[in-house]
$ cat entry_0.pdb   # PDB, C-alpha atoms
ATOM      1  CA  MET T   1     -20.744  14.389  47.149
ATOM      2  CA  ASP T   2     -19.023  16.284  44.319
ATOM      3  CA  SER T   3     -19.580  19.977  43.702
ATOM      4  CA  VAL T   4     -21.495  20.879  40.544
ATOM      5  CA  ASP T   5     -18.289  22.154  38.925
ATOM      6  CA  LEU T   6     -16.555  18.858  39.600
ATOM      7  CA  GLU T   7     -19.476  16.910  38.139
ATOM      8  CA  VAL T   8     -19.226  19.005  34.969
ATOM      9  CA  LEU T   9     -15.477  18.448  34.611
ATOM     10  CA  LYS T  10     -15.801  14.712  35.270
ATOM     11  CA  ALA T  11     -18.500  14.495  32.601
ATOM     12  CA  CYS T  12     -16.194  16.210  30.080
ATOM     13  CA  SER T  13     -13.377  13.798  30.935
ATOM     14  CA  ARG T  14     -15.616  10.738  30.698
ATOM     15  CA  TRP T  15     -17.135  11.728  27.350
ATOM     16  CA  LEU T  16     -13.783  12.667  25.852
ATOM     17  CA  ASN T  17     -12.265   9.332  26.907
ATOM     18  CA  GLU T  18     -15.269   7.555  25.396
ATOM     19  CA  GLY T  19     -14.573   9.263  22.073
ATOM     20  CA  ARG T  20     -17.640  11.499  22.286
ATOM     21  CA  GLY T  21     -17.641  15.133  21.255
ATOM     22  CA  CYS T  22     -18.537  17.672  23.937
ATOM     23  CA  GLU T  23     -18.300  21.337  24.839
ATOM     24  CA  LEU T  24     -17.611  23.109  28.109
ATOM     25  CA  VAL T  25     -19.799  26.191  28.638
ATOM     26  CA  THR T  26     -18.905  28.828  31.255
ATOM     27  CA  VAL T  27     -20.773  31.956  32.332
ATOM     28  CA  ILE T  28     -18.141  34.689  32.038
ATOM     29  CA  ARG T  29     -20.137  37.908  32.387
ATOM     30  CA  THR T  30     -23.583  38.908  33.606
ATOM     31  CA  TRP T  31     -25.462  42.194  33.385
ATOM     32  CA  GLY T  32     -28.557  43.032  35.358
ATOM     33  CA  SER T  33     -30.431  40.101  36.854
ATOM     34  CA  SER T  34     -29.143  36.692  35.841
ATOM     35  CA  PRO T  35     -30.190  33.227  37.006
ATOM     36  CA  ARG T  36     -26.650  31.848  37.464
ATOM     37  CA  PRO T  37     -23.452  33.528  38.680
ATOM     38  CA  GLU T  38     -20.240  34.128  36.794
ATOM     39  CA  GLY T  39     -18.180  30.951  36.719
ATOM     40  CA  ALA T  40     -21.180  28.604  36.510
ATOM     41  CA  MET T  41     -20.464  25.739  34.111
ATOM     42  CA  LEU T  42     -22.252  23.249  31.918
ATOM     43  CA  ALA T  43     -21.015  20.311  29.826
ATOM     44  CA  ILE T  44     -22.956  19.333  26.704
ATOM     45  CA  ARG T  45     -22.399  16.097  24.770
ATOM     46  CA  ASP T  46     -22.725  15.659  21.019
ATOM     47  CA  ASP T  47     -26.218  14.151  21.456
ATOM     48  CA  GLY T  48     -27.484  17.035  23.639
ATOM     49  CA  LEU T  49     -27.001  15.417  27.052
ATOM     50  CA  VAL T  50     -26.045  18.081  29.618
ATOM     51  CA  VAL T  51     -24.502  18.186  33.081
ATOM     52  CA  GLY T  52     -24.532  21.430  35.074
ATOM     53  CA  SER T  53     -26.363  24.680  34.443
ATOM     54  CA  VAL T  54     -25.752  28.188  33.107
ATOM     55  CA  SER T  55     -29.332  29.479  33.434
ATOM     56  CA  GLY T  56     -32.692  28.413  34.749
ATOM     57  CA  GLY T  57     -33.022  26.008  31.807
ATOM     58  CA  CYS T  58     -34.064  28.146  28.846
ATOM     59  CA  ILE T  59     -30.557  28.812  27.546
ATOM     60  CA  GLU T  60     -29.735  25.153  28.085
ATOM     61  CA  ASP T  61     -32.684  24.336  25.820
ATOM     62  CA  ASP T  62     -31.240  26.550  23.080
ATOM     63  CA  LEU T  63     -27.761  25.027  23.445
ATOM     64  CA  ILE T  64     -29.206  21.501  23.300
ATOM     65  CA  ASP T  65     -31.311  22.341  20.247
ATOM     66  CA  ARG T  66     -28.295  23.740  18.373
ATOM     67  CA  VAL T  67     -26.130  20.700  19.169
ATOM     68  CA  ARG T  68     -28.851  18.254  18.143
ATOM     69  CA  ARG T  69     -29.458  20.177  14.933
ATOM     70  CA  ASP T  70     -25.892  21.021  13.881
ATOM     71  CA  GLY T  71     -23.651  18.812  16.027
ATOM     72  CA  ILE T  72     -20.500  20.132  17.692
ATOM     73  CA  THR T  73     -18.745  22.145  14.989
ATOM     74  CA  ARG T  74     -16.571  24.594  16.927
ATOM     75  CA  THR T  75     -12.811  24.095  16.652
ATOM     76  CA  HIS T  76     -11.846  26.842  19.108
ATOM     77  CA  PRO T  77     -13.549  28.693  21.995
ATOM     78  CA  GLU T  78     -16.268  31.184  21.164
ATOM     79  CA  LEU T  79     -17.938  33.896  23.232
ATOM     80  CA  VAL T  80     -21.741  33.993  22.906
ATOM     81  CA  THR T  81     -24.101  36.561  24.463
ATOM     82  CA  TYR T  82     -27.730  35.892  25.396
ATOM     83  CA  GLY T  83     -30.428  38.377  26.304
ATOM     84  CA  ILE T  84     -29.238  41.598  24.677
ATOM     85  CA  SER T  85     -32.708  42.644  23.504
ATOM     86  CA  ALA T  86     -35.994  42.552  25.394
ATOM     87  CA  ASP T  87     -37.277  39.960  22.901
ATOM     88  CA  GLU T  88     -34.267  37.726  23.498
ATOM     89  CA  ALA T  89     -34.582  38.113  27.251
ATOM     90  CA  HIS T  90     -38.224  37.046  26.998
ATOM     91  CA  ARG T  91     -37.393  34.195  24.613
ATOM     92  CA  PHE T  92     -34.682  32.746  26.822
ATOM     93  CA  GLY T  93     -36.523  33.285  30.071
ATOM     94  CA  LEU T  94     -34.033  35.782  31.486
ATOM     95  CA  PRO T  95     -35.236  38.222  34.140
ATOM     96  CA  CYS T  96     -36.042  41.736  32.968
ATOM     97  CA  GLY T  97     -32.802  43.341  31.839
ATOM     98  CA  GLY T  98     -30.787  40.157  32.339
ATOM     99  CA  THR T  99     -27.914  39.427  29.975
ATOM    100  CA  LEU T 100     -25.157  36.848  30.203
ATOM    101  CA  GLN T 101     -22.102  36.022  28.149
ATOM    102  CA  LEU T 102     -20.887  32.460  27.750
ATOM    103  CA  ALA T 103     -17.561  30.972  26.736
ATOM    104  CA  ILE T 104     -18.197  27.788  24.735
ATOM    105  CA  GLU T 105     -15.103  25.657  24.192
ATOM    106  CA  PRO T 106     -14.848  22.327  22.394
ATOM    107  CA  VAL T 107     -13.236  19.796  24.725
ATOM    108  CA  SER T 108     -10.124  18.047  23.453
ATOM    109  CA  ALA T 109      -6.753  16.885  24.737
ATOM    110  CA  ARG T 110      -5.699  20.551  24.657
ATOM    111  CA  SER T 111      -8.320  21.305  27.308
ATOM    112  CA  ALA T 112      -6.258  19.597  30.062
ATOM    113  CA  ILE T 113      -9.387  18.362  31.827
ATOM    114  CA  ASP T 114      -7.802  15.153  33.165
ATOM    115  CA  ALA T 115      -4.774  17.054  34.465
ATOM    116  CA  LEU T 116      -7.109  19.538  36.150
ATOM    117  CA  LEU T 117      -9.060  16.718  37.804
ATOM    118  CA  GLU T 118      -5.824  15.192  39.101
ATOM    119  CA  ARG T 119      -4.897  18.469  40.797
ATOM    120  CA  LEU T 120      -8.385  18.894  42.225
ATOM    121  CA  ALA T 121      -8.201  15.365  43.674
ATOM    122  CA  ARG T 122      -5.171  16.621  45.644
ATOM    123  CA  HIS T 123      -7.307  19.545  46.957
ATOM    124  CA  GLN T 124      -5.282  22.090  44.984
ATOM    125  CA  LEU T 125      -6.644  25.476  43.950
ATOM    126  CA  VAL T 126      -6.014  25.816  40.223
ATOM    127  CA  ALA T 127      -6.126  28.629  37.667
ATOM    128  CA  ARG T 128      -7.079  27.220  34.260
ATOM    129  CA  ARG T 129      -5.967  29.584  31.486
ATOM    130  CA  VAL T 130      -7.512  29.023  28.045
ATOM    131  CA  ASP T 131      -6.206  30.691  24.882
ATOM    132  CA  LEU T 132      -9.405  31.863  23.218
ATOM    133  CA  ALA T 133      -7.846  31.750  19.753
ATOM    134  CA  THR T 134      -6.549  28.177  19.892
ATOM    135  CA  GLY T 135      -8.081  26.432  22.900
ATOM    136  CA  ASP T 136      -4.632  25.626  24.294
ATOM    137  CA  THR T 137      -4.810  25.389  28.089
ATOM    138  CA  ARG T 138      -2.329  25.996  30.910
ATOM    139  CA  LEU T 139      -2.805  25.080  34.569
ATOM    140  CA  ASP T 140      -1.226  27.202  37.308
ATOM    141  CA  PRO T 141      -1.539  27.363  41.099
ATOM    142  CA  ALA T 142      -4.161  29.903  42.200
ATOM    143  CA  ALA T 143      -4.320  32.087  45.282
ATOM    144  CA  PRO T 144      -7.456  31.784  47.465
ATOM    145  CA  GLY T 145      -8.674  35.265  46.559
ATOM    146  CA  MET T 146      -8.344  34.876  42.791
ATOM    147  CA  THR T 147     -11.451  35.283  40.661
ATOM    148  CA  MET T 148     -12.290  34.525  37.048
ATOM    149  CA  GLN T 149     -10.686  36.856  34.496
ATOM    150  CA  VAL T 150     -11.502  37.421  30.829
ATOM    151  CA  SER T 151      -9.451  39.341  28.288
ATOM    152  CA  ASP T 152      -9.520  39.546  24.486
ATOM    153  CA  SER T 153      -7.132  36.587  24.316
ATOM    154  CA  THR T 154      -7.473  34.532  27.510
ATOM    155  CA  LEU T 155     -10.124  33.076  29.812
ATOM    156  CA  THR T 156      -8.902  32.242  33.319
ATOM    157  CA  THR T 157     -11.226  30.206  35.529
ATOM    158  CA  ILE T 158     -10.558  29.176  39.132
ATOM    159  CA  HIS T 159     -11.200  25.616  40.282
ATOM    160  CA  GLY T 160     -10.924  23.874  43.611
ATOM    161  CA  PRO T 161     -11.857  24.593  47.221
ATOM    162  CA  ARG T 162     -11.739  28.357  47.668
ATOM    163  CA  TRP T 163     -13.106  28.249  51.220
ATOM    164  CA  ARG T 164     -12.040  26.172  54.234
ATOM    165  CA  LEU T 165     -14.216  24.643  56.937
ATOM    166  CA  LEU T 166     -12.846  23.133  60.150
ATOM    167  CA  ILE T 167     -15.330  20.908  61.961
ATOM    168  CA  ILE T 168     -14.509  19.993  65.554
ATOM    169  CA  GLY T 169     -15.902  16.568  66.346
ATOM    170  CA  ALA T 170     -16.510  13.545  64.105
ATOM    171  CA  GLY T 171     -20.059  12.603  65.087
ATOM    172  CA  GLN T 172     -23.114  12.029  62.915
ATOM    173  CA  LEU T 173     -23.946  15.715  62.541
ATOM    174  CA  SER T 174     -20.366  16.378  61.443
ATOM    175  CA  ARG T 175     -20.736  13.765  58.705
ATOM    176  CA  PHE T 176     -23.774  15.473  57.168
ATOM    177  CA  LEU T 177     -22.192  18.908  57.542
ATOM    178  CA  ALA T 178     -18.966  17.730  55.883
ATOM    179  CA  GLN T 179     -20.707  15.965  53.000
ATOM    180  CA  ILE T 180     -22.794  18.993  52.063
ATOM    181  CA  ALA T 181     -19.888  21.411  52.539
ATOM    182  CA  VAL T 182     -17.710  19.361  50.174
ATOM    183  CA  GLY T 183     -20.452  19.698  47.582
ATOM    184  CA  MET T 184     -20.339  23.461  48.137
ATOM    185  CA  ASP T 185     -16.607  23.574  47.250
ATOM    186  CA  TYR T 186     -15.264  23.836  50.801
ATOM    187  CA  GLN T 187     -11.991  22.198  51.711
ATOM    188  CA  VAL T 188     -13.221  20.384  54.815
ATOM    189  CA  THR T 189     -11.089  19.286  57.760
ATOM    190  CA  VAL T 190     -12.496  17.359  60.713
ATOM    191  CA  CYS T 191     -10.569  17.282  63.979
ATOM    192  CA  ASP T 192     -11.310  14.789  66.744
ATOM    193  CA  PRO T 193      -8.773  13.256  69.146
ATOM    194  CA  ARG T 194     -11.240  10.530  70.169
ATOM    195  CA  GLU T 195     -10.454   7.223  68.438
ATOM    196  CA  GLU T 196     -13.992   5.865  68.848
ATOM    197  CA  TYR T 197     -15.279   8.650  66.567
ATOM    198  CA  ARG T 198     -12.367   8.832  64.134
ATOM    199  CA  ASP T 199     -12.179   5.151  63.225
ATOM    200  CA  ALA T 200     -15.690   5.044  61.781
ATOM    201  CA  TRP T 201     -15.427   8.297  59.805
ATOM    202  CA  PRO T 202     -17.115   7.692  56.415
ATOM    203  CA  VAL T 203     -16.330  10.754  54.254
ATOM    204  CA  PRO T 204     -13.184  10.099  52.177
ATOM    205  CA  GLU T 205     -13.076  13.583  50.619
ATOM    206  CA  VAL T 206     -12.447  15.100  54.066
ATOM    207  CA  THR T 207      -9.110  15.479  55.850
ATOM    208  CA  MET T 208      -9.162  13.927  59.323
ATOM    209  CA  LEU T 209      -6.874  15.312  62.032
ATOM    210  CA  HIS T 210      -6.096  13.437  65.257
ATOM    211  CA  ALA T 211      -4.715  16.465  67.121
ATOM    212  CA  MET T 212      -6.307  18.456  69.901
ATOM    213  CA  PRO T 213      -8.703  20.958  68.277
ATOM    214  CA  ASP T 214      -6.955  24.101  69.571
ATOM    215  CA  ASP T 215      -3.667  22.840  68.103
ATOM    216  CA  ALA T 216      -5.470  22.204  64.808
ATOM    217  CA  VAL T 217      -6.841  25.749  64.730
ATOM    218  CA  LEU T 218      -3.364  27.183  65.199
ATOM    219  CA  ALA T 219      -1.798  24.824  62.644
ATOM    220  CA  LEU T 220      -4.347  25.703  59.959
ATOM    221  CA  LYS T 221      -3.565  29.440  60.228
ATOM    222  CA  LEU T 222      -7.174  30.460  59.674
ATOM    223  CA  ASP T 223      -7.756  33.399  57.341
ATOM    224  CA  SER T 224     -10.769  35.408  56.196
ATOM    225  CA  ARG T 225     -11.873  32.524  53.939
ATOM    226  CA  SER T 226     -12.010  30.042  56.825
ATOM    227  CA  ALA T 227     -14.896  28.884  59.036
ATOM    228  CA  VAL T 228     -14.955  26.844  62.250
ATOM    229  CA  VAL T 229     -17.883  24.899  63.710
ATOM    230  CA  ALA T 230     -17.572  23.110  67.071
ATOM    231  CA  LEU T 231     -19.881  20.114  67.433
ATOM    232  CA  THR T 232     -18.569  17.900  70.261
ATOM    233  CA  HIS T 233     -20.559  19.289  73.251
ATOM    234  CA  ASP T 234     -17.349  18.729  75.253
ATOM    235  CA  PRO T 235     -15.904  21.972  76.706
ATOM    236  CA  LYS T 236     -12.464  20.344  76.949
ATOM    237  CA  LEU T 237     -12.432  20.005  73.164
ATOM    238  CA  ASP T 238     -14.571  22.933  72.028
ATOM    239  CA  ASP T 239     -13.608  25.830  74.287
ATOM    240  CA  LEU T 240      -9.883  26.161  73.640
ATOM    241  CA  ALA T 241     -10.421  25.702  69.916
ATOM    242  CA  LEU T 242     -13.131  28.362  69.895
ATOM    243  CA  MET T 243     -10.863  30.700  71.837
ATOM    244  CA  GLU T 244      -8.153  30.423  69.168
ATOM    245  CA  ALA T 245     -10.672  30.624  66.318
ATOM    246  CA  LEU T 246     -12.255  33.800  67.715
ATOM    247  CA  LYS T 247      -8.818  35.419  67.799
ATOM    248  CA  SER T 248      -8.250  34.544  64.136
ATOM    249  CA  GLU T 249      -9.498  36.130  60.921
ATOM    250  CA  ALA T 250     -12.069  33.352  60.369
ATOM    251  CA  PHE T 251     -15.260  34.790  58.869
ATOM    252  CA  TYR T 252     -17.487  32.362  60.762
ATOM    253  CA  VAL T 253     -17.105  30.682  64.171
ATOM    254  CA  GLY T 254     -20.015  28.699  65.565
ATOM    255  CA  ALA T 255     -20.819  26.131  68.230
ATOM    256  CA  ILE T 256     -23.662  23.664  68.733
ATOM    257  CA  GLY T 257     -25.646  23.579  71.961
ATOM    258  CA  SER T 258     -28.681  24.915  73.752
ATOM    259  CA  ARG T 259     -29.168  28.543  74.709
ATOM    260  CA  ALA T 260     -28.247  27.772  78.310
ATOM    261  CA  ASN T 261     -25.098  25.884  77.365
ATOM    262  CA  ASN T 262     -24.018  28.611  74.965
ATOM    263  CA  ALA T 263     -24.488  31.227  77.694
ATOM    264  CA  LYS T 264     -22.260  29.158  79.969
ATOM    265  CA  ARG T 265     -19.727  28.784  77.169
ATOM    266  CA  ARG T 266     -19.527  32.552  76.712
ATOM    267  CA  GLU T 267     -18.890  32.981  80.448
ATOM    268  CA  ARG T 268     -16.089  30.422  80.273
ATOM    269  CA  LEU T 269     -14.552  32.111  77.250
ATOM    270  CA  LYS T 270     -14.488  35.436  79.093
ATOM    271  CA  GLU T 271     -12.051  33.820  81.514
ATOM    272  CA  PHE T 272      -9.649  33.373  78.580
ATOM    273  CA  ASP T 273      -9.395  37.171  78.267
ATOM    274  CA  LEU T 274     -11.404  37.376  75.072
ATOM    275  CA  GLY T 275     -12.739  40.849  74.418
ATOM    276  CA  ASP T 276     -16.346  41.736  73.720
ATOM    277  CA  ALA T 277     -15.644  42.119  70.000
ATOM    278  CA  GLU T 278     -14.111  38.652  69.814
ATOM    279  CA  LEU T 279     -16.966  37.065  71.788
ATOM    280  CA  ALA T 280     -19.478  38.799  69.523
ATOM    281  CA  LYS T 281     -18.122  36.767  66.597
ATOM    282  CA  LEU T 282     -19.315  33.505  68.181
ATOM    283  CA  ARG T 283     -22.469  32.094  66.567
ATOM    284  CA  GLY T 284     -24.279  30.048  69.154
ATOM    285  CA  PRO T 285     -26.603  28.279  69.189
ATOM    286  CA  VAL T 286     -25.231  27.790  65.693
ATOM    287  CA  GLY T 287     -27.428  27.967  62.591
ATOM    288  CA  LEU T 288     -30.767  29.430  61.553
ATOM    289  CA  TYR T 289     -34.068  28.474  63.131
ATOM    290  CA  ILE T 290     -35.893  26.248  60.641
ATOM    291  CA  GLY T 291     -37.396  23.780  63.099
ATOM    292  CA  SER T 292     -34.640  21.274  62.336
ATOM    293  CA  LYS T 293     -34.421  18.163  64.494
ATOM    294  CA  THR T 294     -32.442  15.534  62.554
ATOM    295  CA  PRO T 295     -28.673  15.741  61.955
ATOM    296  CA  ALA T 296     -29.224  16.375  58.243
ATOM    297  CA  GLU T 297     -31.675  19.208  58.926
ATOM    298  CA  ILE T 298     -29.364  20.778  61.514
ATOM    299  CA  ALA T 299     -26.486  20.606  59.009
ATOM    300  CA  ILE T 300     -28.609  22.547  56.509
ATOM    301  CA  SER T 301     -29.442  25.098  59.211
ATOM    302  CA  ILE T 302     -25.753  25.614  59.976
ATOM    303  CA  LEU T 303     -24.719  25.875  56.340
ATOM    304  CA  ALA T 304     -27.514  28.361  55.626
ATOM    305  CA  GLU T 305     -26.121  30.731  58.267
ATOM    306  CA  LEU T 306     -22.548  30.068  57.145
ATOM    307  CA  THR T 307     -23.474  30.809  53.512
ATOM    308  CA  ALA T 308     -25.089  34.103  54.473
ATOM    309  CA  ALA T 309     -21.917  35.100  56.350
ATOM    310  CA  LYS T 310     -19.731  34.083  53.400
ATOM    311  CA  ASN T 311     -21.833  36.144  51.004
ATOM    312  CA  GLY T 312     -21.897  39.191  53.287
ATOM    313  CA  VAL T 313     -25.646  38.961  53.959
ATOM    314  CA  THR T 314     -26.740  40.453  57.290
ATOM    315  CA  LEU T 315     -29.573  38.434  58.799
ATOM    316  CA  PRO T 316     -32.057  39.695  61.406
ATOM    317  CA  ASP T 317     -31.695  38.223  64.878
ATOM    318  CA  THR T 318     -35.248  36.876  64.606
ATOM    319  CA  VAL T 319     -34.094  34.076  62.273
ATOM    320  CA  ARG T 320     -31.297  32.916  64.579
ATOM    321  CA  VAL T 321     -31.921  29.960  66.847
ATOM    322  CA  ALA T 322     -31.769  31.709  70.234
ATOM    323  CA  ALA T 323     -33.996  34.681  69.356
ATOM    324  CA  ALA T 324     -36.451  32.585  67.352
ATOM    325  CA  LYS T 325     -36.909  30.050  70.151
ATOM    326  CA  GLU T 326     -37.327  32.776  72.744
ATOM    327  CA  ALA T 327     -40.016  34.386  70.614
ATOM    328  CA  ARG T 328     -41.798  31.119  69.880
ATOM    329  CA  TYR T 329     -41.502  29.544  73.321
ATOM    330  CA  PRO T 330     -41.142  32.510  75.723
ATOM    331  CA  ALA T 331     -42.118  30.535  78.824
ATOM    332  CA  ALA T 332     -40.507  27.237  77.883
ATOM    333  CA  PRO T 333     -37.468  26.223  79.904
ATOM    334  CA  ASP T 334     -34.253  25.523  78.013
ATOM    335  CA  SER T 335     -33.746  21.804  78.422
ATOM    336  CA  GLY T 336     -30.108  21.874  77.394
ATOM    337  CA  CYS T 337     -30.668  19.725  74.322
ATOM    338  CA  THR T 338     -29.822  20.824  70.774
ATOM    339  CA  VAL T 339     -33.239  20.426  69.138
ATOM    340  CA  ARG T 340     -33.617  23.557  67.065
TER     341      ARG T 340
END
$ encode --input "entry_0.pdb" --output "structure tokens"
Amino acid sequence: MDSVDLEVLKACSRWLNEGRGCELVTVIRTWGSSPRPEGAMLAIRDDGLVVGSVSGGCIEDDLIDRVRRDGITRTHPELVTYGISADEAHRFGLPCGGTLQLAIEPVSARSAIDALLERLARHQLVARRVDLATGDTRLDPAAPGMTMQVSDSTLTTIHGPRWRLLIIGAGQLSRFLAQIAVGMDYQVTVCDPREEYRDAWPVPEVTMLHAMPDDAVLALKLDSRSAVVALTHDPKLDDLALMEALKSEAFYVGAIGSRANNAKRRERLKEFDLGDAELAKLRGPVGLYIGSKTPAEIAISILAELTAAKNGVTLPDTVRVAAAKEARYPAAPDSGCTVR
């Protein structure tokens, strides 16, 4: 599963190699409420076909109409602003007060799209610098914390996996979690020393490690843009890795399991001399309570909680698995299974 950004870039490459004209559209600034964030991209072909999104659809309709009416006539990048007046905001379906500025660049060999895709295939984080006067493009390595920058002369966009996710265990749930996380622009690593799980791993975009999970945590040097989710149910694999992850700067550390098993896990981790603050970082049972039962649904539950943590959103305890189940089934015994 490709991320939306990757789908847009691949569309540009494909159309250019087919001899079709196309433009790459990027949201570079927003004011007030806006339907899409800065950095969102869209590719539009010379017949109006689009991939990606820069709004809820209304601005796309205007872009498509202009291309179908006039064709692709730009020879260099242009900055275009939508929604300055109340009438324009109403016309383009922007929320009250919403305004966004787009960079629209005609795609050519100078755009370096194929070279960018080659670097992204190697899981590199890339800064793409576009000269707004000429369209000439330069690709440079980017640091994880870099964000898009716009000046009078240059547009710099950041591409590639800006967040890392380490999944411990290569079971079925891990497969769904990895596939969706790749589509969300995470650089995903799965660690499992068990051959019977590794050999059947089906997600080629994911790095597979054969080391013990605690060694993998230390080798990855987790930072504040890293997350760890333990999914094996085996304390010999999960516990030591969680111990090292909780000592790191990782913004999210979670583990699958029932309420009873997670309580036991916390007691075991106390024996590793973890402090209360470190233990408080552990999310377990992992995920948000959405009644999920299948591996795909549980993966969505986990990624919902992970996304909230990444975006700095504080969630009430009532939406977390343990508190929600206690409130819904106060007299029900915890069976030890992972049904959410």
$ resolve_selection --input "entry_0.pdb" --expression "the PyMOL selection byres ((chain T and resi 203) around 12)" --output "PDB file with C-alpha atoms, keeping the file's coordinate frame"
ATOM      1  CA  MET T   1     -20.744  14.389  47.149  1.00  0.00           C
ATOM      2  CA  ASP T   2     -19.023  16.284  44.319  1.00  0.00           C
ATOM      3  CA  ALA T 170     -16.510  13.545  64.105  1.00  0.00           C
ATOM      4  CA  GLY T 171     -20.059  12.603  65.087  1.00  0.00           C
ATOM      5  CA  GLN T 172     -23.114  12.029  62.915  1.00  0.00           C
ATOM      6  CA  SER T 174     -20.366  16.378  61.443  1.00  0.00           C
ATOM      7  CA  ARG T 175     -20.736  13.765  58.705  1.00  0.00           C
ATOM      8  CA  PHE T 176     -23.774  15.473  57.168  1.00  0.00           C
ATOM      9  CA  LEU T 177     -22.192  18.908  57.542  1.00  0.00           C
ATOM     10  CA  ALA T 178     -18.966  17.730  55.883  1.00  0.00           C
ATOM     11  CA  GLN T 179     -20.707  15.965  53.000  1.00  0.00           C
ATOM     12  CA  ILE T 180     -22.794  18.993  52.063  1.00  0.00           C
ATOM     13  CA  ALA T 181     -19.888  21.411  52.539  1.00  0.00           C
ATOM     14  CA  VAL T 182     -17.710  19.361  50.174  1.00  0.00           C
ATOM     15  CA  GLY T 183     -20.452  19.698  47.582  1.00  0.00           C
ATOM     16  CA  VAL T 188     -13.221  20.384  54.815  1.00  0.00           C
ATOM     17  CA  THR T 189     -11.089  19.286  57.760  1.00  0.00           C
ATOM     18  CA  VAL T 190     -12.496  17.359  60.713  1.00  0.00           C
ATOM     19  CA  ARG T 198     -12.367   8.832  64.134  1.00  0.00           C
ATOM     20  CA  ASP T 199     -12.179   5.151  63.225  1.00  0.00           C
ATOM     21  CA  ALA T 200     -15.690   5.044  61.781  1.00  0.00           C
ATOM     22  CA  TRP T 201     -15.427   8.297  59.805  1.00  0.00           C
ATOM     23  CA  PRO T 202     -17.115   7.692  56.415  1.00  0.00           C
ATOM     24  CA  PRO T 204     -13.184  10.099  52.177  1.00  0.00           C
ATOM     25  CA  GLU T 205     -13.076  13.583  50.619  1.00  0.00           C
ATOM     26  CA  VAL T 206     -12.447  15.100  54.066  1.00  0.00           C
ATOM     27  CA  THR T 207      -9.110  15.479  55.850  1.00  0.00           C
ATOM     28  CA  MET T 208      -9.162  13.927  59.323  1.00  0.00           C
TER      29      MET T 208
END
$ residues_near_point --input "entry_0.pdb" --point "(-26.7, 27.6, 65.4)" --cutoff "7 Å" --atoms "all atoms listed in the file" --output "list in words"
Gly254, Ala255, Ile256, Arg283, Gly284, Pro285, Val286, Gly287, Leu288, Ile302 and Val321 of chain T
$ closest_residue --input "entry_0.pdb" --among "T:Arg164, T:Arg20, T:Arg225, T:His76" --to "Gly145 in chain T" --atoms "all atoms listed in the file"
T:Arg225
$ resolve_selection --input "entry_0.pdb" --expression "the PyMOL selection byres ((chain T and resi 47-54) around 6)" --output "JSON, numbers by chain"
{"T": [8, 36, 40, 41, 42, 43, 44, 45, 46, 55, 64, 67, 68]}
$ atom_distance --input "entry_0.pdb" --atom1 "CA of Asp234 in chain T" --atom2 "CA of Ala299 in chain T"
18.7 Å
$ atom_distance --input "entry_0.pdb" --atom1 "CA of Thr75 in chain T" --atom2 "CA of Ser153 in chain T"
15.7 Å
$ atom_distance --input "entry_0.pdb" --atom1 "CA of Asp152 in chain T" --atom2 "CA of Val107 in chain T"
20.1 Å
